[in-house]
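Novice: To start, I am sharing the structure in question, which I have written as structure tokens.
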Amino acid sequence: MWRHGRPDRVDESALVVVAKGEVPAEDACRANERFQGEAQPDEPLLDEKPLDGETPDYRRFAELGEQGVLALCSDSTNVDRPGHTRSETEVGHALAGRFAEASGRVILATFASHIHRIQHVLNLAEKHARKVALLGRSMERNVQVAAELGYLRLPEGVIRELEDVVGLPPERQVILSTGSQGEPNSALALMAAGEHKYVQIAPGDLVIISARVIPGNERTVGRVINALYRLGAEVLYDDNAFVHVSGHASQEDLKLMLNLTRPRYFIPVHGEYRHLLGHARLATSLGLPLERVFLVEDGTGVELTAETARVVPGYPTGRVLVDGSGIGDVGAVVLRDRQLLAENGLVAVSLAVDRQGTVVAGPEIASRGFVHMKENEALLEELRMVVVKALADRPPGVPFDRESMGAQVRSAVRQFITQRFQRKPIVLPTILEV
């Protein structure tokens, strides 16, 4: 059954699984993937004043606790934040003040899945006689679907085509965009780089990044913010203004969920190891025995029976890389080669030999990403002489072997380049037997 538990995203609820008898190992609770047990409130943000008025179903959670919850799997992302997570309604009030003060264009970037945040922007645009353009395919698609399902109210005439909106005076424009995480090809990143076809950032623009930076994206988001400032825009984001509330539960919310459900076993999920550990410690501080708290990561499962639970390791996990139309066909070796190519470039050595191993043509040197060939003819000539000398130093009478000759050429070129430049490009020898 599904129980309403998170008001900041439409239709997101807690999952309650009632299992009869033993839960098979193949359906075991897998860390950060799928959970088979009694209750999983996912990201249990308990908003007392949600935009849609759908408050969390505290009564049902308490009823589940009375009936007996075997295992609770709960989000750990904000376990380090004390208190309660602030309400989405508060963000609406804060954004209202920013819209009222804005004298020029307003550009707001947020997650395309955050329908309530999008509703705030549409309502404020209507109030201040502004028109809204949607940027980003996911933003356009989500707005359309949410409106069709009745989760998003579209004020009449507020959403217009981008070409129409940019033709209006700046004080009547709102750009609702994706790219809050600094994604390289997102609409906001293109605007910051001055490469967007229709929107050019100008002094007087107010850019609001209404999202929390996901760990790991700090550098890319920082680059976008710096670029926007250089173009003369005023930028508001999580560090310098109240323009966002988290979609994750804070410490007191997590404590409330634990106290309501009173699980026999607890499995902290969703977050880095430090978050999982902090959530486990939070549970034990409320009286849950340490042996009933399972701190598991990807590749480890939890097998549940009607009365017990145990850790089951050994599930295959890892990254599945998508490259063009290929899925999973790019592995660690290919990635390593691409990284080396990107960082140090490629030097290709080509030569032709007879059946005795005597060089009859070449060596020819080609470089990609190492040096510019037309400007470094002298260096390329040095590399040719290095190859010639290395082959001349081969012991006489040794039978010709293409693989060993290629290894000898590769070693000589690498040694020369490393000593001269302290760089390690990929060296690719090609030996043709004629």
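Ordering of the structure tokens sets the chain letters (A, B, ...); residue numbers start at 1 within each chain; ligands are numbered from 1 in the order shown.
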What lies within 10 Å of A:Tyr198 using only C-alpha atoms, ignoring chain neighbours under 3 positions off, as a VMD selection string?

Specialist: chain A and resid 162 to 163 165 to 167 191 194 to 195

Novice: From a DSSP calculation on the backbone, collect every residue of stretch 165-280 of chain A in strand (DSSP E or B) and output the set as a list in words.

Specialist: Gln173, Val174, Ile175, Leu176, Ser177, Leu206, Val207, Ile208, Ile209, Glu234, Val235, Leu236, Tyr265, Phe266, Ile267, Pro268 and Val269 of chain A

Novice: Give the alpha helix (DSSP H) residues of stretch 198-340 of chain A, as assigned by DSSP on the backbone, as an NGL selection string.

Specialist: :A and (218-230 or 251-261 or 273-285 or 332-340)

Novice: In terms of the shortest atom-to-atom distance over only C-alpha atoms, which of A:Val243, A:Val293, A:Ala390, A:Val79 is closest to A:Tyr265?

Specialist: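 Distance minimum relative to A:Tyr265 lands on A:Val293.
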
Novice: Which of these residues is nearest to A:Asp354, using only C-alpha atoms: A:Asp239, A:Asp75, A:Asp401, A:Glu307?

Specialist: A:Asp401

Novice: In terms of the shortest atom-to-atom distance over only C-alpha atoms, which of A:Leu383, A:Val359, A:Phe416, A:Ala366 is closest to A:Leu432?

Specialist: A:Val359

Novice: Show me, as number ranges by chain, the residues that have an atom within 12 Å of A:Asp393 when counting only C-alpha atoms, minus same-chain residues fewer than 4 positions from it.

Specialist: A: 386-389, 397-398, 405, 408-409, 412
